[in-house]
>>> print(open('start-v2.txt').read())   # compact mmCIF, C-alpha atoms
# COMPACT_ATOMS: atom_id res chain seq x y z
CA MET A 238 -91.23 -19.77 -13.45
CA PRO A 239 -88.65 -22.57 -13.13
CA ARG A 240 -90.02 -23.96 -16.38
CA ALA A 241 -89.46 -20.62 -18.08
CA TRP A 242 -85.91 -20.56 -16.79
CA ALA A 243 -85.37 -24.10 -18.05
CA MET A 244 -86.71 -23.15 -21.47
CA SER A 245 -84.47 -20.07 -21.57
CA GLY A 246 -81.49 -22.18 -20.61
CA VAL A 247 -82.21 -24.73 -23.29
CA VAL A 248 -82.65 -22.03 -25.92
CA ALA A 249 -79.36 -20.45 -24.86
CA ILE A 250 -77.58 -23.81 -25.07
CA LEU A 251 -79.09 -24.50 -28.47
CA LEU A 252 -77.86 -21.18 -29.75
CA TRP A 253 -74.47 -21.67 -28.16
CA VAL A 254 -73.84 -25.15 -29.58
CA GLY A 255 -74.88 -24.00 -33.01
CA PRO A 256 -72.26 -24.17 -35.74
CA GLY A 257 -69.61 -21.56 -35.17
CA VAL A 258 -68.02 -21.68 -38.58
CA ALA A 259 -69.40 -18.27 -39.44
CA ARG A 260 -67.33 -16.40 -36.89
CA ALA A 261 -65.36 -14.63 -39.58
CA HIS A 262 -68.47 -12.63 -40.36
CA LEU A 263 -71.87 -12.06 -38.85
CA VAL A 264 -74.38 -14.86 -38.99
CA THR A 265 -77.41 -13.75 -40.93
CA SER A 266 -80.47 -14.13 -38.73
CA GLY A 267 -82.86 -13.13 -41.49
CA LEU A 268 -84.32 -10.50 -39.20
CA GLY A 269 -82.06 -7.61 -40.04
CA PRO A 270 -78.74 -6.22 -38.83
CA PHE A 271 -79.88 -5.60 -35.24
CA TYR A 272 -80.71 -9.26 -34.73
CA ASP A 273 -77.59 -10.32 -36.63
CA GLY A 274 -75.62 -8.49 -33.96
CA ALA A 275 -77.69 -9.93 -31.13
CA LEU A 276 -77.15 -13.43 -32.49
CA HIS A 277 -73.45 -12.79 -33.01
CA LEU A 278 -72.80 -12.47 -29.29
CA LEU A 279 -74.70 -15.68 -28.55
CA LEU A 280 -72.58 -17.52 -31.10
CA SER A 281 -69.27 -16.17 -29.82
CA PRO A 282 -68.22 -18.34 -26.86
CA GLY A 283 -65.34 -16.02 -25.94
CA ASP A 284 -67.56 -12.97 -25.63
CA LEU A 285 -70.22 -14.99 -23.84
CA LEU A 286 -67.77 -16.34 -21.28
CA GLY A 287 -66.61 -12.87 -20.35
CA VAL A 288 -70.11 -11.47 -19.97
CA LEU A 289 -71.12 -14.55 -17.98
CA ALA A 290 -68.15 -14.24 -15.62
CA LEU A 291 -68.61 -10.52 -15.16
CA ALA A 292 -72.34 -10.85 -14.46
CA LEU A 293 -71.68 -13.66 -11.99
CA LEU A 294 -69.02 -11.58 -10.26
CA ALA A 295 -71.34 -8.59 -10.04
CA GLY A 296 -74.17 -10.74 -8.69
CA LEU A 297 -71.91 -12.39 -6.13
CA ARG A 298 -70.81 -9.00 -4.83
CA GLY A 299 -74.36 -7.90 -4.10
CA PRO A 300 -77.14 -5.72 -5.50
CA ALA A 301 -75.16 -2.46 -5.56
CA ALA A 302 -72.34 -4.02 -7.58
CA GLY A 303 -74.91 -5.73 -9.79
CA ARG A 304 -76.70 -2.47 -10.58
CA LEU A 305 -73.44 -0.71 -11.41
CA ALA A 306 -72.29 -3.55 -13.67
CA VAL A 307 -75.63 -3.71 -15.48
CA MET A 308 -75.28 -0.01 -16.30
CA ALA A 309 -71.54 0.30 -16.85
CA LEU A 310 -70.95 -2.73 -19.05
CA PRO A 311 -73.39 -2.01 -21.89
CA ILE A 312 -72.86 1.77 -21.77
CA ALA A 313 -69.09 1.44 -22.09
CA TRP A 314 -69.53 -1.29 -24.71
CA VAL A 315 -71.75 0.86 -26.93
CA LEU A 316 -69.86 4.15 -26.47
CA VAL A 317 -66.40 2.73 -27.18
CA GLY A 318 -67.96 0.47 -29.80
CA MET A 319 -69.04 3.59 -31.68
CA VAL A 320 -65.44 4.76 -31.57
CA GLY A 321 -64.36 1.34 -32.83
CA LEU A 322 -66.73 1.65 -35.78
CA GLY A 323 -64.56 4.53 -36.94
CA VAL A 324 -61.43 2.39 -36.76
CA PRO A 325 -61.99 -0.36 -39.28
CA THR A 326 -58.84 -2.18 -38.39
CA VAL A 327 -58.84 -5.94 -38.29
CA LEU A 328 -57.66 -6.37 -34.75
CA GLU A 329 -56.72 -9.76 -33.42
CA PRO A 330 -59.31 -10.04 -30.67
CA SER A 331 -58.14 -13.36 -29.24
CA TRP A 332 -55.42 -12.46 -26.78
CA PRO A 333 -56.82 -9.30 -25.17
CA GLY A 334 -60.23 -10.91 -25.02
CA ALA A 335 -58.88 -14.11 -23.47
CA LEU A 336 -56.75 -12.17 -21.01
CA SER A 337 -59.72 -10.05 -19.95
CA TYR A 338 -62.10 -12.88 -19.19
CA MET A 339 -59.32 -14.91 -17.62
CA LEU A 340 -58.76 -12.10 -15.12
CA VAL A 341 -62.48 -11.77 -14.41
CA GLY A 342 -62.62 -15.55 -13.90
CA VAL A 343 -59.75 -15.38 -11.41
CA LEU A 344 -61.49 -12.59 -9.47
CA LEU A 345 -64.69 -14.62 -9.43
CA ALA A 346 -62.98 -17.83 -8.30
CA ALA A 347 -61.05 -15.98 -5.60
CA ASN A 348 -64.27 -14.40 -4.29
CA LEU A 349 -62.44 -11.20 -3.43
CA ALA A 350 -64.50 -8.71 -1.45
CA LEU A 351 -64.44 -6.06 -4.15
CA PRO A 352 -66.39 -2.86 -3.38
CA PRO A 353 -69.21 -2.08 -5.82
CA TRP A 354 -67.37 0.78 -7.50
CA VAL A 355 -64.47 -1.54 -8.37
CA VAL A 356 -66.91 -4.02 -9.95
CA GLY A 357 -68.47 -1.12 -11.86
CA ALA A 358 -65.07 0.09 -13.04
CA LEU A 359 -64.16 -3.44 -14.03
CA ALA A 360 -67.39 -3.75 -16.02
CA ALA A 361 -66.74 -0.41 -17.71
CA GLY A 362 -63.20 -1.41 -18.63
CA TYR A 363 -64.33 -4.78 -19.91
CA GLY A 364 -67.12 -3.20 -21.92
CA ALA A 365 -64.77 -0.59 -23.36
CA LEU A 366 -62.25 -3.23 -24.48
CA HIS A 367 -64.81 -5.50 -26.08
CA GLY A 368 -66.74 -2.59 -27.52
CA LEU A 369 -63.61 -1.41 -29.27
CA LEU A 370 -62.84 -4.91 -30.55
CA ASN A 371 -66.42 -5.44 -31.71
CA GLY A 372 -66.74 -2.00 -33.26
CA SER A 373 -63.54 -2.22 -35.28
CA ALA A 374 -64.32 -5.79 -36.36
CA LEU A 375 -67.82 -4.74 -37.46
CA ALA A 376 -66.43 -1.79 -39.39
CA ALA A 377 -63.89 -4.03 -41.10
CA ILE A 378 -66.67 -6.24 -42.50
CA GLY A 379 -68.89 -3.33 -43.50
CA ALA A 380 -71.35 -3.66 -40.62
CA GLY A 381 -72.41 -0.69 -38.51
CA TRP A 382 -74.26 0.61 -35.49
CA PRO A 383 -77.41 -1.54 -35.80
CA GLU A 384 -75.30 -4.67 -35.37
CA LEU A 385 -73.44 -3.03 -32.50
CA LEU A 386 -76.71 -2.16 -30.81
CA GLY A 387 -77.85 -5.75 -31.22
CA ILE A 388 -74.69 -6.98 -29.53
CA VAL A 389 -75.02 -4.49 -26.69
CA THR A 390 -78.67 -5.34 -26.14
CA THR A 391 -77.74 -8.98 -25.70
CA VAL A 392 -74.96 -7.96 -23.32
CA LEU A 393 -77.44 -5.91 -21.28
CA LEU A 394 -80.03 -8.68 -21.11
CA LEU A 395 -77.52 -11.38 -20.19
CA THR A 396 -75.86 -9.24 -17.53
CA LEU A 397 -79.21 -8.28 -16.07
CA LEU A 398 -80.61 -11.81 -15.98
CA ILE A 399 -77.47 -13.54 -14.72
CA SER A 400 -76.56 -11.04 -12.02
CA ALA A 401 -80.18 -10.86 -10.87
CA ALA A 402 -80.20 -14.65 -10.55
CA VAL A 403 -77.02 -14.68 -8.46
CA VAL A 404 -77.70 -11.74 -6.10
CA PRO A 405 -80.27 -13.62 -3.95
CA LEU A 406 -78.10 -16.74 -3.65
CA ARG A 407 -77.51 -17.44 0.03
CA ALA A 408 -76.86 -21.18 0.09
CA GLU A 409 -73.16 -21.89 0.37
CA TRP A 410 -73.20 -24.54 -2.33
CA GLY A 411 -74.83 -22.12 -4.77
CA ARG A 412 -72.13 -19.52 -4.25
CA VAL A 413 -69.48 -22.23 -4.51
CA VAL A 414 -70.88 -23.31 -7.88
CA VAL A 415 -70.57 -19.71 -9.08
CA ARG A 416 -66.95 -19.61 -7.97
CA VAL A 417 -66.24 -22.96 -9.64
CA ILE A 418 -67.60 -21.50 -12.88
CA GLY A 419 -65.16 -18.63 -12.37
CA SER A 420 -62.26 -21.04 -12.11
CA TRP A 421 -63.41 -22.75 -15.29
CA VAL A 422 -63.64 -19.44 -17.14
CA ALA A 423 -60.15 -18.50 -15.93
CA ALA A 424 -58.77 -21.87 -17.00
CA ILE A 425 -60.36 -21.56 -20.44
CA GLY A 426 -58.96 -18.04 -20.79
CA LEU A 427 -55.48 -19.18 -19.88
CA LEU A 428 -55.61 -22.05 -22.36
CA VAL A 429 -56.91 -19.82 -25.16
CA LEU A 430 -54.19 -17.32 -24.35
CA GLY A 431 -51.65 -20.11 -24.68
CA TRP A 432 -53.11 -21.17 -28.01
CA THR A 433 -53.06 -17.61 -29.29
CA LEU A 434 -49.48 -16.93 -28.25
CA HIS A 435 -48.47 -20.37 -29.47
CA GLY A 436 -49.94 -19.57 -32.87
CA ALA A 437 -48.28 -16.18 -32.90
CA ALA A 438 -44.87 -17.61 -31.99
CA MET B 213 -112.85 -28.47 -30.45
CA THR B 214 -109.59 -26.68 -30.97
CA HIS B 215 -106.36 -28.46 -31.80
CA ALA B 216 -105.05 -27.86 -28.29
CA ASN B 217 -108.20 -29.28 -26.71
CA ARG B 218 -108.08 -32.30 -28.98
CA ARG B 219 -104.47 -32.92 -27.94
CA CYS B 220 -105.32 -32.59 -24.26
CA ALA B 221 -108.16 -35.02 -24.71
CA ALA B 222 -105.87 -37.44 -26.49
CA VAL B 223 -103.29 -37.20 -23.72
CA ALA B 224 -105.95 -37.75 -21.10
CA GLU B 225 -107.32 -40.73 -22.98
CA LEU B 226 -103.91 -42.32 -23.24
CA ARG B 227 -103.24 -41.47 -19.57
CA LEU B 228 -99.93 -39.92 -20.54
CA PRO B 229 -98.76 -37.24 -18.10
CA PRO B 230 -97.37 -34.11 -19.80
CA ARG B 231 -93.60 -34.22 -19.65
CA PRO B 232 -92.14 -30.82 -20.48
CA VAL B 233 -88.61 -31.74 -19.34
CA SER B 234 -88.58 -34.85 -21.52
CA SER B 235 -89.81 -32.77 -24.43
CA ILE B 236 -87.08 -30.21 -23.87
CA VAL B 237 -84.40 -32.90 -23.74
CA ALA B 238 -85.82 -34.53 -26.85
CA ALA B 239 -85.85 -31.19 -28.66
CA PHE B 240 -82.30 -30.55 -27.54
CA LEU B 241 -81.12 -33.92 -28.86
CA LEU B 242 -82.99 -33.30 -32.08
CA PHE B 243 -81.08 -30.09 -32.64
CA ILE B 244 -77.62 -31.56 -32.17
CA PRO B 245 -75.92 -31.15 -35.55
CA LEU B 246 -75.55 -34.68 -36.81
CA ALA B 247 -73.90 -33.52 -40.01
CA ALA B 248 -70.64 -33.08 -38.15
CA MET B 249 -70.75 -36.72 -37.06
CA ALA B 250 -70.90 -38.05 -40.59
CA HIS B 251 -67.24 -37.40 -41.21
CA VAL B 252 -64.06 -36.78 -39.31
CA GLU B 253 -64.81 -33.99 -36.88
CA GLY B 254 -63.19 -30.75 -37.73
CA GLY B 255 -63.52 -27.07 -36.95
CA ALA B 256 -65.89 -26.16 -34.17
CA ALA B 257 -67.40 -29.61 -33.64
CA GLY B 258 -63.99 -31.23 -33.70
CA GLY B 259 -62.65 -28.72 -31.21
CA LEU B 260 -65.41 -29.23 -28.65
CA LEU B 261 -65.52 -33.01 -28.99
CA SER B 262 -61.75 -33.27 -28.97
CA GLY B 263 -61.57 -31.12 -25.84
CA LEU B 264 -64.29 -33.12 -24.10
CA GLY B 265 -62.60 -36.37 -24.99
CA HIS B 266 -59.03 -35.50 -24.16
CA PRO B 267 -59.14 -35.65 -20.35
CA VAL B 268 -60.90 -39.02 -20.46
CA SER B 269 -58.63 -40.46 -23.13
CA GLY B 270 -56.00 -41.63 -20.66
CA LEU B 271 -56.72 -43.71 -17.58
CA ASP B 272 -53.85 -42.09 -15.68
CA HIS B 273 -55.51 -38.68 -16.07
CA VAL B 274 -58.95 -40.03 -15.17
CA LEU B 275 -57.69 -41.74 -12.02
CA ALA B 276 -55.99 -38.59 -10.76
CA MET B 277 -58.86 -36.22 -11.53
CA VAL B 278 -61.50 -38.44 -9.94
CA ALA B 279 -59.15 -38.96 -6.99
CA VAL B 280 -58.94 -35.19 -6.46
CA GLY B 281 -62.71 -35.07 -6.02
CA VAL B 282 -62.77 -38.12 -3.75
CA TRP B 283 -60.00 -36.80 -1.53
CA GLY B 284 -61.70 -33.42 -1.35
CA ALA B 285 -64.89 -35.14 -0.20
CA GLN B 286 -62.94 -37.08 2.41
CA LEU B 287 -61.41 -33.87 3.73
CA GLY B 288 -64.77 -32.09 3.82
CA ARG B 289 -65.34 -28.35 3.61
CA PRO B 290 -63.69 -26.22 2.34
CA ALA B 291 -61.36 -28.70 0.59
CA ILE B 292 -64.30 -30.41 -1.13
CA TRP B 293 -64.75 -27.40 -3.39
CA LEU B 294 -61.36 -25.71 -3.10
CA LEU B 295 -59.37 -28.59 -4.59
CA PRO B 296 -61.58 -28.82 -7.72
CA VAL B 297 -61.23 -25.04 -8.11
CA VAL B 298 -57.45 -25.13 -7.84
CA PHE B 299 -56.91 -28.12 -10.11
CA PRO B 300 -58.32 -26.67 -13.38
CA LEU B 301 -56.56 -23.35 -12.81
CA LEU B 302 -53.14 -24.93 -12.30
CA MET B 303 -53.85 -27.49 -15.00
CA ALA B 304 -54.51 -24.63 -17.40
CA LEU B 305 -51.23 -23.05 -16.29
CA GLY B 306 -49.49 -26.31 -17.16
CA GLY B 307 -51.33 -26.39 -20.48
CA PHE B 308 -50.22 -22.83 -21.14
CA ALA B 309 -46.61 -23.86 -20.45
CA GLY B 310 -46.98 -26.83 -22.78
CA LEU B 311 -48.41 -24.66 -25.55
CA MET B 312 -45.60 -22.16 -25.13
CA GLY B 313 -43.05 -24.96 -25.45
CA TRP B 314 -41.72 -24.59 -21.91
CA ASN B 315 -40.44 -28.01 -20.97
CA LEU B 316 -41.07 -29.73 -17.68
CA PRO B 317 -38.99 -32.73 -16.64
CA ALA B 318 -40.50 -36.21 -16.21
CA ILE B 319 -44.06 -35.36 -17.20
CA GLU B 320 -45.29 -38.95 -17.33
CA VAL B 321 -43.62 -39.74 -14.02
CA GLY B 322 -45.34 -36.73 -12.45
CA ILE B 323 -48.73 -37.83 -13.78
CA ALA B 324 -48.27 -41.38 -12.53
CA LEU B 325 -47.01 -40.10 -9.17
CA SER B 326 -50.12 -37.98 -8.82
CA ALA B 327 -52.26 -41.13 -8.88
CA VAL B 328 -49.88 -42.86 -6.46
CA VAL B 329 -49.90 -40.00 -3.97
CA LEU B 330 -53.63 -39.24 -4.19
CA GLY B 331 -54.46 -42.97 -4.01
CA ALA B 332 -52.31 -43.32 -0.90
CA LEU B 333 -53.91 -40.26 0.71
CA ILE B 334 -57.40 -41.65 0.05
CA LEU B 335 -56.41 -45.13 1.21
CA GLY B 336 -54.97 -43.79 4.45
CA GLN B 337 -57.76 -41.20 4.88
CA ILE B 338 -54.97 -38.76 5.57
CA ARG B 339 -56.10 -35.32 6.63
CA LEU B 340 -53.47 -32.78 5.76
CA PRO B 341 -53.70 -29.04 6.47
CA LEU B 342 -55.67 -27.28 3.76
CA ALA B 343 -52.67 -25.34 2.43
CA ILE B 344 -50.63 -28.53 2.04
CA ALA B 345 -53.53 -30.30 0.32
CA VAL B 346 -53.91 -27.42 -2.10
CA LEU B 347 -50.19 -27.40 -2.82
CA ILE B 348 -50.15 -31.13 -3.57
CA VAL B 349 -53.10 -30.89 -5.95
CA ALA B 350 -51.71 -27.75 -7.60
CA PHE B 351 -48.29 -29.35 -8.09
CA PHE B 352 -49.65 -32.40 -9.86
CA ALA B 353 -52.22 -30.42 -11.86
CA VAL B 354 -49.39 -28.67 -13.67
CA PHE B 355 -48.07 -32.01 -14.96
CA HIS B 356 -51.49 -33.07 -16.21
CA GLY B 357 -52.04 -29.73 -17.91
CA HIS B 358 -48.62 -29.71 -19.51
CA ALA B 359 -49.20 -33.14 -21.03
CA HIS B 360 -52.54 -32.00 -22.46
CA GLY B 361 -51.07 -28.75 -23.69
CA THR B 362 -48.35 -30.43 -25.70
CA GLU B 363 -50.82 -32.98 -27.15
CA MET B 364 -53.43 -30.47 -28.38
CA GLY B 365 -54.09 -30.81 -32.07
CA PRO B 366 -53.02 -27.80 -34.10
CA ASP B 367 -56.15 -27.88 -36.25
CA ALA B 368 -58.69 -27.83 -33.44
CA ASN B 369 -60.78 -24.77 -32.59
CA ALA B 370 -58.86 -23.34 -29.63
CA MET B 371 -61.81 -21.81 -27.83
CA LEU B 372 -64.14 -24.78 -28.10
CA TYR B 373 -61.35 -27.24 -27.40
CA SER B 374 -60.52 -25.38 -24.20
CA ILE B 375 -64.17 -25.21 -23.15
CA GLY B 376 -64.63 -28.94 -23.71
CA PHE B 377 -61.37 -29.74 -21.99
CA VAL B 378 -62.15 -27.74 -18.85
CA ILE B 379 -65.74 -28.98 -18.66
CA ALA B 380 -64.63 -32.62 -18.93
CA THR B 381 -62.03 -32.08 -16.22
CA GLY B 382 -64.59 -30.43 -13.96
CA LEU B 383 -67.06 -33.25 -14.52
CA LEU B 384 -64.42 -35.81 -13.56
CA HIS B 385 -63.87 -33.91 -10.31
CA ALA B 386 -67.63 -33.78 -9.79
CA ALA B 387 -67.81 -37.55 -10.30
CA GLY B 388 -65.12 -37.95 -7.68
CA ILE B 389 -66.96 -35.66 -5.26
CA ALA B 390 -70.21 -37.54 -5.84
CA LEU B 391 -68.44 -40.81 -5.17
CA GLY B 392 -66.75 -39.32 -2.13
CA LEU B 393 -70.05 -38.32 -0.54
CA ILE B 394 -70.46 -41.91 0.68
CA HIS B 395 -67.74 -40.99 3.16
CA ARG B 396 -70.46 -40.14 5.70
CA TRP B 397 -71.28 -43.83 6.17
CA ASP B 398 -68.99 -46.45 7.72
CA THR B 399 -69.34 -48.79 4.76
CA GLY B 400 -68.79 -45.86 2.44
CA ARG B 401 -65.51 -45.02 4.12
CA VAL B 402 -64.33 -48.59 3.58
CA ILE B 403 -65.38 -48.46 -0.07
CA LEU B 404 -63.54 -45.18 -0.54
CA ARG B 405 -60.37 -46.61 0.96
CA ALA B 406 -60.69 -49.56 -1.41
CA ALA B 407 -61.09 -47.09 -4.27
CA GLY B 408 -57.95 -45.34 -3.03
CA SER B 409 -56.07 -48.62 -3.24
CA VAL B 410 -57.25 -49.05 -6.82
CA VAL B 411 -56.01 -45.55 -7.69
CA LEU B 412 -52.72 -46.29 -5.94
CA ALA B 413 -52.30 -49.57 -7.83
CA GLY B 414 -53.12 -47.87 -11.12
CA GLY B 415 -50.62 -45.14 -10.36
CA LEU B 416 -47.91 -47.68 -9.60
CA PHE B 417 -48.67 -49.44 -12.88
CA PHE B 418 -48.33 -46.19 -14.83
CA LEU B 419 -45.21 -45.25 -12.85
CA TRP B 420 -43.67 -48.58 -13.80
CA GLY B 421 -44.41 -47.83 -17.42
CA ALA B 422 -43.06 -44.27 -17.20
CA LEU B 423 -39.82 -45.39 -15.62
CA GLY B 424 -39.44 -48.45 -17.81
>>> encode(input="start-v2.txt", output="structure tokens")
Amino acid sequence: MPRAWAMSGVVAILLWVGPGVARAHLVTSGLGPFYDGALHLLLSPGDLLGVLALALLAGLRGPAAGRLAVMALPIAWVLVGMVGLGVPTVLEPSWPGALSYMLVGVLLAANLALPPWVVGALAAGYGALHGLLNGSALAAIGAGWPELLGIVTTVLLLTLLISAAVVPLRAEWGRVVVRVIGSWVAAIGLLVLGWTLHGAA
Amino acid sequence: MTHANRRCAAVAELRLPPRPVSSIVAAFLLFIPLAAMAHVEGGAAGGLLSGLGHPVSGLDHVLAMVAVGVWGAQLGRPAIWLLPVVFPLLMALGGFAGLMGWNLPAIEVGIALSAVVLGALILGQIRLPLAIAVLIVAFFAVFHGHAHGTEMGPDANAMLYSIGFVIATGLLHAAGIALGLIHRWDTGRVILRAAGSVVLAGGLFFLWGALG
């Protein structure tokens, strides 16, 4: 089992460090639009960071929060994403995206005792925002619901796996590591926000 | 005999133990895109490498960031993990200010002073209340972040630069914490105090340069 986790981690890292020059459009996986979408999320560090932080937060807050997040995040992502597909506007996804995962990172680092319904609402809001951004961006490049479903499937799997891995953590150092990751995500979000506003100025 | 059986027999004959982790690492290294190394790094590769390299590009930054980890280890829980959580957050705030063009006075002096103060605290094994320790680290982190923020290259990939930058900073803290763990032994405590004196001396050197 640990070996399988190690292999999964290595595969995820390989996909993540892959060339990101194709962010202006979907990377072609060769397996069809569904997998193009699934791959897109793995090659988008900003989207990945947010999902990672949210799943860690949900896992840290316990099984009830984890279950709610696993349901709310992909459902909101796909539903609002469908709306976004009808709004083919090229939105600038950098600043709202960076702001959203920065806030999730701060909540994770602070280890606030959020009740499960708040985590669920947070996941729904996050999913709705990114679903809208993804949907409109997909529509702007002529992509559609298969790609969106691919993205959402990856979101679901990542949220499920990460939060399930964190829920049973009892060792203090393990929970501290999760919070440190939160502080890193928040710091990255703040820096990206600065870059974005700097470029816009 | 199948291919797999033949391979197992060959491994057994050579008395080579199967090494899945080594294989994974080797595969990982194999997949690193070397094409980006053949020329001046740009785009995504340039952003990540530039971000990873920036915190370690100046000895004044390195001294302070490692010192944060060492001092945290000296103070013990919860400072050992709280200080390295606070530092990147406030450093990013400083970076944000730098990117937005908000000026801070005497940046280089602040960075050099951070090494002086942290070095002195490690040298004296000074145990301050947690809130004061956090405030000290947070105050100096802003100076470090501001300097990095104003020095970021305009052509780098913002996201990957930031990821590399934060990871490198965190790893410097982790190195400091790992070094600081020798605090549990008498000899280790002496070594740490000696390390504090080195950080202090380095800070004074950089302070001299900043004021000169």
>>> closest_atom_pairs(input="start-v2.txt", of="chain B", to="chain A", cutoff="7 Å", atoms="all atoms listed in the file", output="JSON lines")
{"residue": "B:Phe240", "atom": "CA", "partner": "A:Leu251", "partner_atom": "CA", "distance": 6.9}
{"residue": "B:Ala256", "atom": "CA", "partner": "A:Gly257", "partner_atom": "CA", "distance": 6.0}
{"residue": "B:Val297", "atom": "CA", "partner": "A:Val417", "partner_atom": "CA", "distance": 5.6}
{"residue": "B:Pro300", "atom": "CA", "partner": "A:Ala424", "partner_atom": "CA", "distance": 6.0}
{"residue": "B:Leu301", "atom": "CA", "partner": "A:Ala424", "partner_atom": "CA", "distance": 5.0}
{"residue": "B:Ala304", "atom": "CA", "partner": "A:Ala424", "partner_atom": "CA", "distance": 5.1}
{"residue": "B:Leu305", "atom": "CA", "partner": "A:Leu427", "partner_atom": "CA", "distance": 6.8}
{"residue": "B:Gly307", "atom": "CA", "partner": "A:Leu428", "partner_atom": "CA", "distance": 6.4}
{"residue": "B:Phe308", "atom": "CA", "partner": "A:Gly431", "partner_atom": "CA", "distance": 4.7}
{"residue": "B:Leu311", "atom": "CA", "partner": "A:Gly431", "partner_atom": "CA", "distance": 5.7}
{"residue": "B:Met312", "atom": "CA", "partner": "A:His435", "partner_atom": "CA", "distance": 5.5}
{"residue": "B:Ala370", "atom": "CA", "partner": "A:Val429", "partner_atom": "CA", "distance": 6.0}
{"residue": "B:Met371", "atom": "CA", "partner": "A:Val429", "partner_atom": "CA", "distance": 5.9}
{"residue": "B:Ser374", "atom": "CA", "partner": "A:Ile425", "partner_atom": "CA", "distance": 5.4}
{"residue": "B:Ile375", "atom": "CA", "partner": "A:Ile425", "partner_atom": "CA", "distance": 5.9}
{"residue": "B:Val378", "atom": "CA", "partner": "A:Trp421", "partner_atom": "CA", "distance": 6.3}
>>> residues_around(input="start-v2.txt", residues="Glu384 in chain A", least_positions_apart="5", cutoff="10 Å", atoms="all atoms listed in the file", output="ChimeraX atom specification")
/A:263,269-277,371-372,375,389-390
>>> closest_residue(input="start-v2.txt", among="A:Ala360, A:Val415, A:Val404, A:Ala376", to="Ile312 in chain A", atoms="only C-alpha atoms")
A:Ala360
>>> atom_distance(input="start-v2.txt", atom1="CA of Pro333 in chain A", atom2="CA of Asn369 in chain B")
17.6 Å
>>> closest_residue(input="start-v2.txt", among="A:Leu310, A:Met319, A:Leu369, A:Ala295", to="Ala402 in chain A", atoms="all atoms listed in the file")
A:Ala295
>>> closest_residue(input="start-v2.txt", among="A:Leu291, A:Gly321, A:Thr396, A:Ile388", to="Tyr338 in chain A", atoms="all atoms listed in the file")
A:Leu291
>>> residues_around(input="start-v2.txt", residues="Tyr363 in chain A", least_positions_apart="6", cutoff="10 Å", atoms="all atoms listed in the file", output="list in words")
Gly287, Val288, Leu291, Ala309, Leu310, Pro311, Ala313, Trp314, Gly334, Ser337, Tyr338, Val341, Gly357 and Leu369 of chain A
>>> atom_distance(input="start-v2.txt", atom1="CA of Ile319 in chain B", atom2="CA of Ala380 in chain B")
20.8 Å
>>> axis_aligned_box(input="start-v2.txt", around="range 296-307 of chain B", padding_each_side="3 Å", output="lines of an AutoDock Vina configuration file")
center_x = -55.5
center_y = -25.9
center_z = -14.1
size_x = 18.1
size_y = 11.8
size_z = 18.8
>>> atom_distance(input="start-v2.txt", atom1="CA of Leu340 in chain B", atom2="CA of Phe377 in chain B")
29.0 Å
>>> residues_around(input="start-v2.txt", residues="range 411-423 of chain B", least_positions_apart="6", cutoff="10 Å", atoms="only C-alpha atoms", output="list in words")
Leu271, Asp272, His273, Val274, Leu275, Ala276, Val278, Ala279, Ala318, Ile319, Glu320, Val321, Gly322, Ile323, Ala324, Leu325, Ser326, Ala327, Val328, Val329, Leu330, Gly331, Ala332, Leu333, Ile334, Leu335 and Arg405 of chain B
>>> decode(input="start-v2.txt", residues="range 402-408 of chain A", atoms="N, CA, C and O atoms", output="tab-separated table (two decimals), in the first residue's frame")
chain	number	residue	atom	x	y	z
A	402	ALA	N	-6.75	10.83	3.31
A	402	ALA	CA	-5.42	10.58	3.88
A	402	ALA	C	-5.18	11.41	5.13
A	402	ALA	O	-4.42	11.01	6.01
A	403	VAL	N	-5.82	12.57	5.22
A	403	VAL	CA	-5.57	13.47	6.35
A	403	VAL	C	-6.48	13.17	7.54
A	403	VAL	O	-6.06	13.33	8.69
A	404	VAL	N	-7.70	12.73	7.29
A	404	VAL	CA	-8.67	12.50	8.38
A	404	VAL	C	-8.09	11.63	9.50
A	404	VAL	O	-8.21	11.98	10.69
A	405	PRO	N	-7.41	10.51	9.20
A	405	PRO	CA	-6.94	9.68	10.32
A	405	PRO	C	-5.67	10.18	11.00
A	405	PRO	O	-5.20	9.54	11.95
A	406	LEU	N	-5.12	11.29	10.53
A	406	LEU	CA	-3.87	11.79	11.13
A	406	LEU	C	-4.11	12.17	12.59
A	406	LEU	O	-4.95	13.00	12.89
A	407	ARG	N	-3.35	11.57	13.48
A	407	ARG	CA	-3.46	11.91	14.89
A	407	ARG	C	-2.14	12.47	15.43
A	407	ARG	O	-2.16	13.25	16.39
A	408	ALA	N	-1.04	12.06	14.84
A	408	ALA	CA	0.26	12.53	15.32
A	408	ALA	C	0.35	14.05	15.14
A	408	ALA	O	-0.05	14.58	14.10
